[in-house]
$ cat query21.txt   # compact mmCIF, C-alpha atoms
# COMPACT_ATOMS: atom_id res chain seq x y z
CA MET B 155 57.44 48.73 43.90
CA GLN B 156 58.16 45.05 43.40
CA LYS B 157 59.49 44.83 46.95
CA LEU B 158 56.24 46.31 48.25
CA VAL B 159 54.10 43.91 46.21
CA GLN B 160 56.13 40.97 47.48
CA GLY B 161 55.67 42.27 51.00
CA ILE B 162 51.90 42.42 50.56
CA HIS B 163 51.90 38.85 49.28
CA GLN B 164 53.91 37.70 52.30
CA PHE B 165 51.57 39.59 54.62
CA GLN B 166 48.46 38.02 53.12
CA THR B 167 49.79 34.47 52.94
CA GLN B 168 51.78 34.32 56.19
CA ILE B 169 51.15 37.17 58.62
CA PHE B 170 47.41 37.78 58.18
CA SER B 171 46.49 34.11 58.37
CA SER B 172 48.35 33.67 61.67
CA HIS B 173 46.73 36.79 63.18
CA LYS B 174 43.24 36.37 61.74
CA GLU B 175 41.47 36.72 65.10
CA LEU B 176 43.30 40.01 65.79
CA PHE B 177 42.22 41.55 62.50
CA GLU B 178 38.66 40.32 62.95
CA ARG B 179 38.52 42.26 66.23
CA LEU B 180 39.55 45.45 64.43
CA ASP B 181 36.11 46.16 62.98
CA HIS B 182 36.32 49.28 65.16
CA GLN B 183 39.28 51.04 66.71
CA ALA B 184 39.86 51.77 70.37
CA PRO B 185 43.47 52.93 70.78
CA GLU B 186 44.57 54.29 74.14
CA THR B 187 47.44 56.38 72.77
CA LEU B 188 47.87 59.08 70.14
CA PHE B 189 51.42 58.97 68.82
CA ILE B 190 52.59 62.11 67.00
CA THR B 191 55.93 61.78 65.26
CA CYS B 192 57.99 62.77 62.24
CA SER B 193 57.45 61.55 58.68
CA ASP B 194 61.07 60.34 58.63
CA SER B 195 61.29 56.90 57.02
CA ARG B 196 63.56 55.64 59.80
CA ILE B 197 60.81 55.96 62.41
CA SER B 198 58.41 53.04 62.94
CA PRO B 199 56.16 53.74 65.96
CA ASN B 200 54.73 50.22 66.17
CA LEU B 201 58.19 48.67 65.90
CA ILE B 202 59.68 50.95 68.55
CA THR B 203 56.83 50.39 71.01
CA GLN B 204 56.15 46.78 69.99
CA THR B 205 52.45 47.48 69.59
CA GLU B 206 49.92 45.72 67.37
CA PRO B 207 47.45 47.17 64.86
CA GLY B 208 44.72 49.08 66.69
CA GLU B 209 46.84 50.09 69.69
CA LEU B 210 48.24 53.39 68.41
CA PHE B 211 46.49 56.25 66.62
CA ILE B 212 49.38 57.74 64.63
CA LEU B 213 49.79 61.22 63.17
CA ARG B 214 52.96 62.05 61.23
CA ASN B 215 54.38 65.12 59.56
CA VAL B 216 57.72 66.77 58.81
CA GLY B 217 59.29 67.70 62.16
CA ASN B 218 56.48 66.27 64.35
CA LEU B 219 54.88 69.71 64.54
CA VAL B 220 51.52 70.67 66.06
CA PRO B 221 50.09 73.76 64.31
CA PRO B 222 47.60 76.00 66.13
CA TYR B 223 44.06 74.61 66.29
CA GLU B 224 42.85 77.67 64.40
CA SER B 225 44.68 76.46 61.29
CA MET B 226 41.99 73.76 61.00
CA GLY B 227 44.31 71.45 59.08
CA GLY B 228 44.74 67.70 59.08
CA MET B 229 46.71 67.68 62.33
CA ALA B 230 43.98 69.59 64.20
CA ALA B 231 41.36 67.19 62.86
CA GLY B 232 43.39 64.12 63.82
CA ILE B 233 44.08 65.37 67.34
CA GLU B 234 40.46 66.35 67.88
CA PHE B 235 39.20 62.98 66.64
CA ALA B 236 41.67 61.02 68.79
CA VAL B 237 40.77 62.95 71.95
CA ALA B 238 37.07 63.75 71.56
CA SER B 239 35.91 60.62 69.69
CA LEU B 240 38.41 57.88 70.48
CA HIS B 241 39.06 59.15 74.03
CA VAL B 242 42.76 58.32 74.05
CA LYS B 243 44.33 58.44 77.48
CA ASP B 244 47.82 59.53 76.45
CA ILE B 245 49.40 61.64 73.73
CA ILE B 246 53.07 61.21 72.91
CA ILE B 247 54.98 63.67 70.77
CA CYS B 248 58.13 61.88 69.65
CA GLY B 249 61.05 63.63 68.00
CA HIS B 250 64.16 61.82 66.81
CA SER B 251 67.91 62.19 66.42
CA ASN B 252 69.38 63.72 63.25
CA CYS B 253 66.04 65.26 62.25
CA GLY B 254 66.26 66.89 58.83
CA ALA B 255 63.43 69.29 59.64
CA MET B 256 65.24 70.62 62.70
CA LYS B 257 68.46 70.93 60.71
CA ALA B 258 66.56 72.98 58.13
CA LEU B 259 65.17 75.14 60.93
CA LEU B 260 68.73 75.97 61.98
CA GLU B 261 69.96 76.36 58.40
CA PRO B 262 67.04 77.91 56.48
CA GLY B 263 69.30 78.71 53.53
CA ASP B 264 68.94 75.08 52.47
CA LEU B 265 65.20 75.58 51.90
CA GLY B 266 65.51 77.75 48.82
CA GLU B 267 63.81 75.19 46.56
CA LEU B 268 61.42 73.92 49.23
CA PRO B 269 58.91 76.76 49.77
CA ALA B 270 56.20 74.51 51.19
CA THR B 271 58.62 73.05 53.73
CA LYS B 272 59.81 76.53 54.67
CA ALA B 273 56.23 77.65 55.25
CA TRP B 274 55.47 74.52 57.29
CA LEU B 275 58.44 75.12 59.57
CA THR B 276 56.99 78.44 60.68
CA HIS B 277 55.09 76.28 63.20
CA ALA B 278 58.49 75.73 64.85
CA ARG B 279 59.36 79.43 65.01
CA ALA B 280 59.23 79.39 68.81
CA THR B 281 61.74 76.53 68.80
CA GLU B 282 64.06 78.50 66.54
CA ARG B 283 63.91 81.54 68.81
CA ILE B 284 64.60 79.49 71.93
CA MET B 285 67.65 77.91 70.33
CA TRP B 286 69.27 81.17 69.29
CA GLU B 287 68.46 82.90 72.59
CA SER B 288 69.39 80.10 75.00
CA TYR B 289 71.69 77.69 73.16
CA GLY B 290 74.12 79.96 71.33
CA HIS B 291 77.03 78.16 73.01
CA LEU B 292 76.26 74.87 71.25
CA LYS B 293 77.45 73.89 67.80
CA ASN B 294 76.83 71.23 65.16
CA HIS B 295 75.49 67.91 66.49
CA GLU B 296 74.95 69.16 70.05
CA LEU B 297 72.93 72.12 68.78
CA LEU B 298 70.84 69.90 66.51
CA HIS B 299 70.09 67.41 69.28
CA ALA B 300 69.13 70.18 71.69
CA THR B 301 66.84 71.60 68.99
CA VAL B 302 65.12 68.24 68.60
CA GLU B 303 64.53 68.06 72.36
CA GLU B 304 63.29 71.63 72.72
CA ASN B 305 61.04 71.35 69.69
CA VAL B 306 59.16 68.42 71.23
CA LEU B 307 58.48 70.54 74.33
CA VAL B 308 57.36 73.48 72.20
CA GLN B 309 54.95 71.26 70.28
CA VAL B 310 53.55 69.88 73.54
CA GLU B 311 52.71 73.45 74.51
CA ASN B 312 51.02 73.99 71.15
CA LEU B 313 49.09 70.77 71.74
CA ARG B 314 47.81 72.01 75.11
CA ARG B 315 46.02 74.88 73.37
CA HIS B 316 43.82 72.59 71.28
CA PRO B 317 40.32 72.79 72.85
CA ALA B 318 39.71 69.03 73.12
CA VAL B 319 43.16 68.51 74.66
CA ALA B 320 42.76 71.40 77.11
CA LYS B 321 39.43 70.02 78.28
CA ALA B 322 40.62 66.44 78.67
CA THR B 323 43.83 67.37 80.50
CA ALA B 324 41.93 69.69 82.84
CA ASN B 325 39.61 66.79 83.72
CA GLY B 326 42.57 64.48 84.34
CA MET B 327 41.45 62.20 81.51
CA LEU B 328 44.46 62.82 79.29
CA HIS B 329 48.22 62.86 79.86
CA LEU B 330 50.88 64.34 77.58
CA HIS B 331 54.38 62.97 77.05
CA ALA B 332 57.50 64.34 75.33
CA TRP B 333 59.77 61.68 73.81
CA VAL B 334 62.92 61.62 71.72
CA TYR B 335 63.99 58.49 69.83
CA LYS B 336 67.70 57.98 69.19
CA ILE B 337 67.81 56.13 65.88
CA GLU B 338 71.42 54.95 66.08
CA THR B 339 71.02 53.24 69.47
CA GLY B 340 67.31 52.39 69.65
CA GLU B 341 66.99 54.34 72.92
CA VAL B 342 63.91 56.39 73.76
CA PHE B 343 64.06 59.29 76.19
CA ALA B 344 61.13 61.03 77.89
CA PHE B 345 61.14 64.49 79.41
CA ASP B 346 61.04 64.23 83.19
CA PRO B 347 59.38 67.39 84.57
CA ASP B 348 60.78 66.75 88.05
CA ARG B 349 64.37 66.75 86.79
CA GLY B 350 63.80 69.24 84.02
CA GLN B 351 65.58 66.97 81.56
CA TYR B 352 65.16 63.89 79.41
CA ALA B 353 65.65 60.43 80.94
CA SER B 354 65.35 56.88 79.64
CA VAL B 355 61.71 56.02 79.04
CA THR B 356 62.31 52.49 80.33
CA GLY B 357 63.12 53.85 83.79
CA THR B 358 60.39 54.68 86.31
CA ASP B 359 61.13 58.40 86.19
CA GLY B 360 60.88 58.42 82.42
CA LEU B 361 57.19 57.47 82.54
CA VAL B 362 56.06 60.54 84.47
CA PRO B 363 53.66 62.55 82.27
CA LEU B 364 54.03 66.28 81.82
CA ASP B 365 51.78 68.07 84.30
CA PRO B 366 49.54 70.94 83.15
CA GLU B 367 51.78 73.52 84.80
CA HIS B 368 54.91 72.52 82.89
CA ARG B 369 56.16 74.96 80.31
CA ALA B 370 59.13 74.76 77.96
CA THR B 371 61.69 77.54 78.03
CA ASP B 372 60.03 80.95 77.58
CA LEU B 373 57.48 80.15 74.91
CA SER B 374 55.95 83.62 74.65
CA ILE B 375 55.97 84.77 71.02

$ encode --input "query21.txt" --output "structure tokens"
Amino acid sequence: MQKLVQGIHQFQTQIFSSHKELFERLDHQAPETLFITCSDSRISPNLITQTEPGELFILRNVGNLVPPYESMGGMAAGIEFAVASLHVKDIIICGHSNCGAMKALLEPGDLGELPATKAWLTHARATERIMWESYGHLKNHELLHATVEENVLVQVENLRRHPAVAKATANGMLHLHAWVYKIETGEVFAFDPDRGQYASVTGTDGLVPLDPEHRATDLSI
């Protein structure tokens, strides 16, 4: 806690004073992007994207999952608010390398003392099925990384079914993006629907949004 208190002191005495005009402009928020990512402590959306306060509307949870709208939970409320009230233009779902949630999805035996986590991961059941049906030839790290990538695509499909998102994408007012952040190298990869694979987000091809017709591998339940 002492480290956090010292950090607040440094922020107030050094950072805030040098960015006073920025914070004065933040009496209301007008972000253009909703960034959905994992709760993992190694992920810092503003650091990765080099954005300032007010530029990203951020939602985080274990495994960067998007439950069905009908669940009416915090994620549904956040997505609805970002799209219908803030009118964000883009939504990014960003997974990451070495994700503990995806490892637990593949090895559910480790969740014996984590019943809430086990219940939460049911929102990734389609991801689990895809992995065992289509990626049985992969093992260990390769299987985990493929799970991370497929899960982002599955969650994008879940996102499409949210009413506010469906309406905005149909009107061409909203674009969806699937990203994976590689912690150990700092690289970010985006799913390129034309190639059917992930490519560096810093390349031109990596910035192509997912079109409404794109579907991840056989997502029927």

$ atom_distance --input "query21.txt" --atom1 "atom CA of Glu311 of chain B" --atom2 "atom CA of Pro222 of chain B"
10.1 Å

$ residues_near_point --input "query21.txt" --point "(55.8, 69.6, 63.2)" --cutoff "10 Å" --atoms "all atoms listed in the file" --output "ChimeraX atom specification"
/B:190-193,214-221,229,247,249,255-256,274-278,305-306,308-309

$ write_last_selection --input "query21.txt" --atoms "C-alpha atoms" --output "short mmCIF file (atom, residue, chain, number, x, y, z; two decimals), in the coordinates of the input"
data_model
loop_
_atom_site.label_atom_id
_atom_site.label_comp_id
_atom_site.auth_asym_id
_atom_site.auth_seq_id
_atom_site.Cartn_x
_atom_site.Cartn_y
_atom_site.Cartn_z
CA ILE B 190 52.59 62.11 67.00
CA THR B 191 55.93 61.78 65.26
CA CYS B 192 57.99 62.77 62.24
CA SER B 193 57.45 61.55 58.68
CA ARG B 214 52.96 62.05 61.23
CA ASN B 215 54.38 65.12 59.56
CA VAL B 216 57.72 66.77 58.81
CA GLY B 217 59.29 67.70 62.16
CA ASN B 218 56.48 66.27 64.35
CA LEU B 219 54.88 69.71 64.54
CA VAL B 220 51.52 70.67 66.06
CA PRO B 221 50.09 73.76 64.31
CA MET B 229 46.71 67.68 62.33
CA ILE B 247 54.98 63.67 70.77
CA GLY B 249 61.05 63.63 68.00
CA ALA B 255 63.43 69.29 59.64
CA MET B 256 65.24 70.62 62.70
CA TRP B 274 55.47 74.52 57.29
CA LEU B 275 58.44 75.12 59.57
CA THR B 276 56.99 78.44 60.68
CA HIS B 277 55.09 76.28 63.20
CA ALA B 278 58.49 75.73 64.85
CA ASN B 305 61.04 71.35 69.69
CA VAL B 306 59.16 68.42 71.23
CA VAL B 308 57.36 73.48 72.20
CA GLN B 309 54.95 71.26 70.28
#

$ atom_distance --input "query21.txt" --atom1 "atom CA of Glu287 of chain B" --atom2 "atom CA of Tyr335 of chain B"
25.0 Å

$ closest_residue --input "query21.txt" --among "B:Val342, B:Ala184, B:Val310, B:Val237" --to "Thr203 of chain B" --atoms "all atoms listed in the file"
B:Val342

$ residues_around --input "query21.txt" --residues "Ile202 of chain B" --least-positions-apart "5" --cutoff "12 Å" --atoms "all atoms listed in the file" --output "VMD selection string"
chain B and resid 189 191 196 to 197 210 248 250 333 to 337 339 to 342 355

$ closest_residue --input "query21.txt" --among "B:Glu282, B:Asp194, B:Asp244, B:Glu178" --to "Gly208 of chain B" --atoms "all atoms listed in the file"
B:Glu178

$ residues_near_point --input "query21.txt" --point "(69.3, 61.6, 80.5)" --cutoff "9 Å" --atoms "all atoms listed in the file" --output "PDB file with C-alpha atoms, in the coordinates of the input"
ATOM      1  CA  PHE B 343      64.060  59.290  76.190  1.00  0.00           C
ATOM      2  CA  ALA B 344      61.130  61.030  77.890  1.00  0.00           C
ATOM      3  CA  PHE B 345      61.140  64.490  79.410  1.00  0.00           C
ATOM      4  CA  GLN B 351      65.580  66.970  81.560  1.00  0.00           C
ATOM      5  CA  TYR B 352      65.160  63.890  79.410  1.00  0.00           C
ATOM      6  CA  ALA B 353      65.650  60.430  80.940  1.00  0.00           C
ATOM      7  CA  SER B 354      65.350  56.880  79.640  1.00  0.00           C
TER       8      SER B 354
END

$ atom_distance --input "query21.txt" --atom1 "atom CA of Leu313 of chain B" --atom2 "atom CA of Ala332 of chain B"
11.2 Å
